[in-house]
Amino acid sequence: MDQPITINNYDADQLPRFVAIEGAIGVGKTTLAKRLATTFNYDTLLEEAEKNPFLERFYEDRARHALPTQLFFLFQRAQQIQALRQDDLFQPVRVADFLIEKDPLFAEVTLDDDEMAIYQQVYDQLVIDAPKPDLVIYLQAPVNTLLRRIKQRGIHAEQTIDADYLETLNEAYTRFFHFYDESPLLIVNASEIDWVNREDSYQQLVDYMLTIKKGRHYYNPTSTLL
């Protein structure tokens, strides 16, 4: 395996100070966030789904447990953003595995109309002054790839996730990022790249992302890169 790349290979002025990674469950956003944080010696801002006491019940019965699951995530993310804002005096550099603006996306997918009205009231009352990422990375993968990765990582609570739910999430993400223009955006075909086991594939992705300063970009590696 090639020597892992580190921040020493890059000019600090090249690096985005705040990177947010998004995508459906199983696409690899947390894994990539941790790798980038190690490479650039950044802190991480992670979703910490395992701390949500309603999540396992949600996967077993989504209709019954959607609202408390969604509200827990909303409050958790708002607290994380608030803590991040309080640290701004020290000009932190971070990689996050979520984008707070996408929170209503999940609510719209999982909540019925009455629950959505309650969620929206709570969301509107929260003061979420989130810092704008210097770069957003949206990881895409087809449903069969997501299902395979979810099975491989073997988290018990996730094993009841079905293809229909993942397809709904993929469609919601596609709609969301079709209109997203708040930060530079890199859309990555995550089904055709292995940033865990192939250092060359990971380095090519990093090199490409560091060229992005504005606009919307697509990274679609071919199998020859793997």
# chains A, B, ... in the order shown; residues from 1 in each chain; ligands from 1
>>> select_by_dssp(residues="stretch 31-168 of chain A", states="alpha helix (DSSP H)", output="PyMOL selection string")
chain A and resi 31-40+55-60+62-86+103-110+113-125+143-153+163-168
>>> residues_around(residues="A:Leu36", least_positions_apart="6", cutoff="9 Å", atoms="only C-alpha atoms", output="list of chain:residue names")
A:Tyr42, A:Val95, A:Val206
>>> residues_around(residues="stretch 133-148 of chain A", least_positions_apart="5", cutoff="9 Å", atoms="only C-alpha atoms", output="mmCIF file with N, CA and C atoms, in the first residue's frame")
data_model
loop_
_atom_site.group_PDB
_atom_site.id
_atom_site.type_symbol
_atom_site.label_atom_id
_atom_site.label_comp_id
_atom_site.auth_asym_id
_atom_site.auth_seq_id
_atom_site.Cartn_x
_atom_site.Cartn_y
_atom_site.Cartn_z
ATOM 1 N N PRO A 16 -9.786 23.705 2.521
ATOM 2 C CA PRO A 16 -11.029 24.271 3.049
ATOM 3 C C PRO A 16 -11.059 24.084 4.561
ATOM 4 N N ARG A 17 -11.465 25.111 5.291
ATOM 5 C CA ARG A 17 -11.429 25.043 6.747
ATOM 6 C C ARG A 17 -12.608 24.279 7.336
ATOM 7 N N PHE A 18 -13.712 24.218 6.607
ATOM 8 C CA PHE A 18 -14.874 23.485 7.095
ATOM 9 C C PHE A 18 -15.471 22.702 5.930
ATOM 10 N N VAL A 19 -15.434 21.382 6.037
ATOM 11 C CA VAL A 19 -15.949 20.485 5.006
ATOM 12 C C VAL A 19 -17.126 19.709 5.591
ATOM 13 N N ALA A 20 -18.230 19.667 4.869
ATOM 14 C CA ALA A 20 -19.392 18.876 5.279
ATOM 15 C C ALA A 20 -19.632 17.787 4.244
ATOM 16 N N ILE A 21 -19.843 16.557 4.720
ATOM 17 C CA ILE A 21 -20.051 15.408 3.842
ATOM 18 C C ILE A 21 -21.465 14.891 4.057
ATOM 19 N N GLU A 22 -22.168 14.626 2.961
ATOM 20 C CA GLU A 22 -23.546 14.161 3.050
ATOM 21 C C GLU A 22 -23.778 12.970 2.120
ATOM 22 N N GLY A 23 -24.900 12.296 2.369
ATOM 23 C CA GLY A 23 -25.293 11.153 1.565
ATOM 24 C C GLY A 23 -26.145 10.205 2.383
ATOM 25 N N ALA A 24 -26.771 9.260 1.714
ATOM 26 C CA ALA A 24 -27.667 8.324 2.376
ATOM 27 C C ALA A 24 -26.900 7.383 3.291
ATOM 28 N N ILE A 25 -27.609 6.738 4.195
ATOM 29 C CA ILE A 25 -27.006 5.807 5.124
ATOM 30 C C ILE A 25 -26.301 4.682 4.367
ATOM 31 N N GLY A 26 -25.077 4.372 4.787
ATOM 32 C CA GLY A 26 -24.305 3.320 4.147
ATOM 33 C C GLY A 26 -23.390 3.781 3.035
ATOM 34 N N VAL A 27 -23.428 5.068 2.688
ATOM 35 C CA VAL A 27 -22.644 5.543 1.545
ATOM 36 C C VAL A 27 -21.186 5.786 1.913
ATOM 37 N N GLY A 28 -20.890 5.935 3.219
ATOM 38 C CA GLY A 28 -19.491 6.078 3.635
ATOM 39 C C GLY A 28 -19.097 7.469 4.072
ATOM 40 N N LYS A 29 -20.050 8.306 4.436
ATOM 41 C CA LYS A 29 -19.715 9.692 4.765
ATOM 42 C C LYS A 29 -18.899 9.816 6.048
ATOM 43 N N LEU A 99 -24.875 17.860 7.186
ATOM 44 C CA LEU A 99 -25.154 19.252 6.839
ATOM 45 C C LEU A 99 -26.487 19.595 7.499
ATOM 46 N N ARG A 153 -21.227 -3.864 7.347
ATOM 47 C CA ARG A 153 -20.769 -3.268 8.591
ATOM 48 C C ARG A 153 -21.496 -3.827 9.806
ATOM 49 N N GLN A 159 -30.110 -3.494 10.227
ATOM 50 C CA GLN A 159 -30.337 -4.640 9.353
ATOM 51 C C GLN A 159 -31.782 -4.748 8.857
ATOM 52 N N ILE A 161 -33.324 -2.133 7.578
ATOM 53 C CA ILE A 161 -33.486 -1.104 6.537
ATOM 54 C C ILE A 161 -33.733 -1.782 5.192
ATOM 55 N N ASP A 162 -34.735 -1.324 4.478
ATOM 56 C CA ASP A 162 -35.090 -1.979 3.219
ATOM 57 C C ASP A 162 -34.789 -1.086 2.019
ATOM 58 N N ALA A 163 -34.892 -1.688 0.842
ATOM 59 C CA ALA A 163 -34.543 -0.993 -0.396
ATOM 60 C C ALA A 163 -35.479 0.181 -0.669
ATOM 61 N N ASP A 164 -36.762 0.037 -0.347
ATOM 62 C CA ASP A 164 -37.713 1.123 -0.618
ATOM 63 C C ASP A 164 -37.354 2.380 0.167
ATOM 64 N N LEU A 166 -34.357 3.242 1.299
ATOM 65 C CA LEU A 166 -33.137 3.815 0.747
ATOM 66 C C LEU A 166 -33.400 4.513 -0.578
ATOM 67 N N GLU A 167 -34.280 3.965 -1.383
ATOM 68 C CA GLU A 167 -34.624 4.606 -2.649
ATOM 69 C C GLU A 167 -35.293 5.957 -2.404
ATOM 70 N N ASN A 170 -32.546 8.365 -1.373
ATOM 71 C CA ASN A 170 -31.745 8.781 -2.527
ATOM 72 C C ASN A 170 -32.480 9.833 -3.359
ATOM 73 N N TYR A 173 -32.419 13.177 -1.468
ATOM 74 C CA TYR A 173 -31.102 13.811 -1.569
ATOM 75 C C TYR A 173 -30.899 14.417 -2.959
ATOM 76 N N THR A 174 -31.319 13.710 -3.983
ATOM 77 C CA THR A 174 -31.166 14.231 -5.343
ATOM 78 C C THR A 174 -31.917 15.548 -5.506
ATOM 79 N N PHE A 177 -30.031 18.427 -3.394
ATOM 80 C CA PHE A 177 -28.785 18.950 -3.942
ATOM 81 C C PHE A 177 -28.946 19.489 -5.361
ATOM 82 N N GLU A 182 -25.478 26.935 -1.607
ATOM 83 C CA GLU A 182 -24.973 27.732 -0.501
ATOM 84 C C GLU A 182 -23.455 27.657 -0.370
ATOM 85 N N SER A 183 -22.856 26.581 -0.851
ATOM 86 C CA SER A 183 -21.401 26.376 -0.761
ATOM 87 C C SER A 183 -20.937 25.663 -2.015
ATOM 88 N N PRO A 184 -19.639 25.696 -2.311
ATOM 89 C CA PRO A 184 -19.125 24.854 -3.379
ATOM 90 C C PRO A 184 -19.520 23.391 -3.127
ATOM 91 N N LEU A 185 -19.912 22.693 -4.184
ATOM 92 C CA LEU A 185 -20.462 21.343 -4.046
ATOM 93 C C LEU A 185 -19.701 20.367 -4.936
ATOM 94 N N LEU A 186 -19.275 19.260 -4.340
ATOM 95 C CA LEU A 186 -18.646 18.167 -5.082
ATOM 96 C C LEU A 186 -19.542 16.943 -4.949
ATOM 97 N N ILE A 187 -20.050 16.461 -6.078
ATOM 98 C CA ILE A 187 -20.895 15.265 -6.112
ATOM 99 C C ILE A 187 -20.025 14.090 -6.547
ATOM 100 N N VAL A 188 -19.941 13.072 -5.692
ATOM 101 C CA VAL A 188 -19.020 11.959 -5.910
ATOM 102 C C VAL A 188 -19.796 10.664 -6.142
ATOM 103 N N ASN A 189 -19.458 9.950 -7.195
ATOM 104 C CA ASN A 189 -19.982 8.601 -7.408
ATOM 105 C C ASN A 189 -19.248 7.667 -6.445
ATOM 106 N N ALA A 190 -19.860 7.413 -5.296
ATOM 107 C CA ALA A 190 -19.187 6.664 -4.232
ATOM 108 C C ALA A 190 -19.218 5.159 -4.446
ATOM 109 N N SER A 191 -19.918 4.698 -5.464
ATOM 110 C CA SER A 191 -19.947 3.260 -5.728
ATOM 111 C C SER A 191 -18.723 2.798 -6.495
ATOM 112 N N GLU A 192 -17.969 3.743 -7.066
ATOM 113 C CA GLU A 192 -16.828 3.389 -7.913
ATOM 114 C C GLU A 192 -15.501 3.883 -7.349
ATOM 115 N N MET A 209 -10.659 17.344 -4.922
ATOM 116 C CA MET A 209 -11.487 18.220 -4.088
ATOM 117 C C MET A 209 -10.772 19.519 -3.743
ATOM 118 N N ILE A 212 -11.347 22.671 -5.958
ATOM 119 C CA ILE A 212 -12.675 23.274 -6.004
ATOM 120 C C ILE A 212 -12.735 24.505 -5.108
ATOM 121 N N LYS A 213 -13.055 25.616 -5.689
ATOM 122 C CA LYS A 213 -13.191 26.875 -4.953
ATOM 123 C C LYS A 213 -14.604 27.438 -5.036
ATOM 124 N N LYS A 214 -15.358 27.061 -6.070
ATOM 125 C CA LYS A 214 -16.730 27.551 -6.214
ATOM 126 C C LYS A 214 -17.467 26.642 -7.188
#
>>> residues_around(residues="stretch 106-123 of chain A", least_positions_apart="3", cutoff="6 Å", atoms="only C-alpha atoms", output="list of chain:residue names")
A:Ala66, A:Asp103, A:Leu126
>>> write_last_selection(atoms="C-alpha atoms", output="compact mmCIF listing (two decimals), in the first residue's frame")
# COMPACT_ATOMS: atom_id res chain seq x y z
CA ALA A 66 -40.35 8.84 13.32
CA ASP A 103 -32.40 17.95 8.50
CA LEU A 126 -34.50 26.98 17.10
>>> residues_around(residues="stretch 75-80 of chain A", least_positions_apart="4", cutoff="10 Å", atoms="only C-alpha atoms", output="list in words")
Leu45, Leu46, Glu47, Glu48, Ala49, Lys51, Asn52, Gln70, Leu71, Leu84, Arg85, Gln86, Phe98, Leu99, Ile100, Asp103, Val122, Tyr123, Leu126, Val127, Ile128, Asp129 and Ala130 of chain A
>>> atom_distance(atom1="atom CA of A:Leu55", atom2="atom CA of A:Thr69")
5.9 Å
>>> closest_residue(among="A:Leu210, A:Leu74, A:Ile81, A:Ala63", to="A:Tyr165", atoms="only C-alpha atoms")
A:Ala63
>>> atom_distance(atom1="atom CA of A:Arg149", atom2="atom CA of A:Phe179")
27.9 Å
>>> closest_residue(among="A:Lys102, A:Arg35, A:Arg57, A:Arg64", to="A:Ala157", atoms="only C-alpha atoms")
A:Arg57
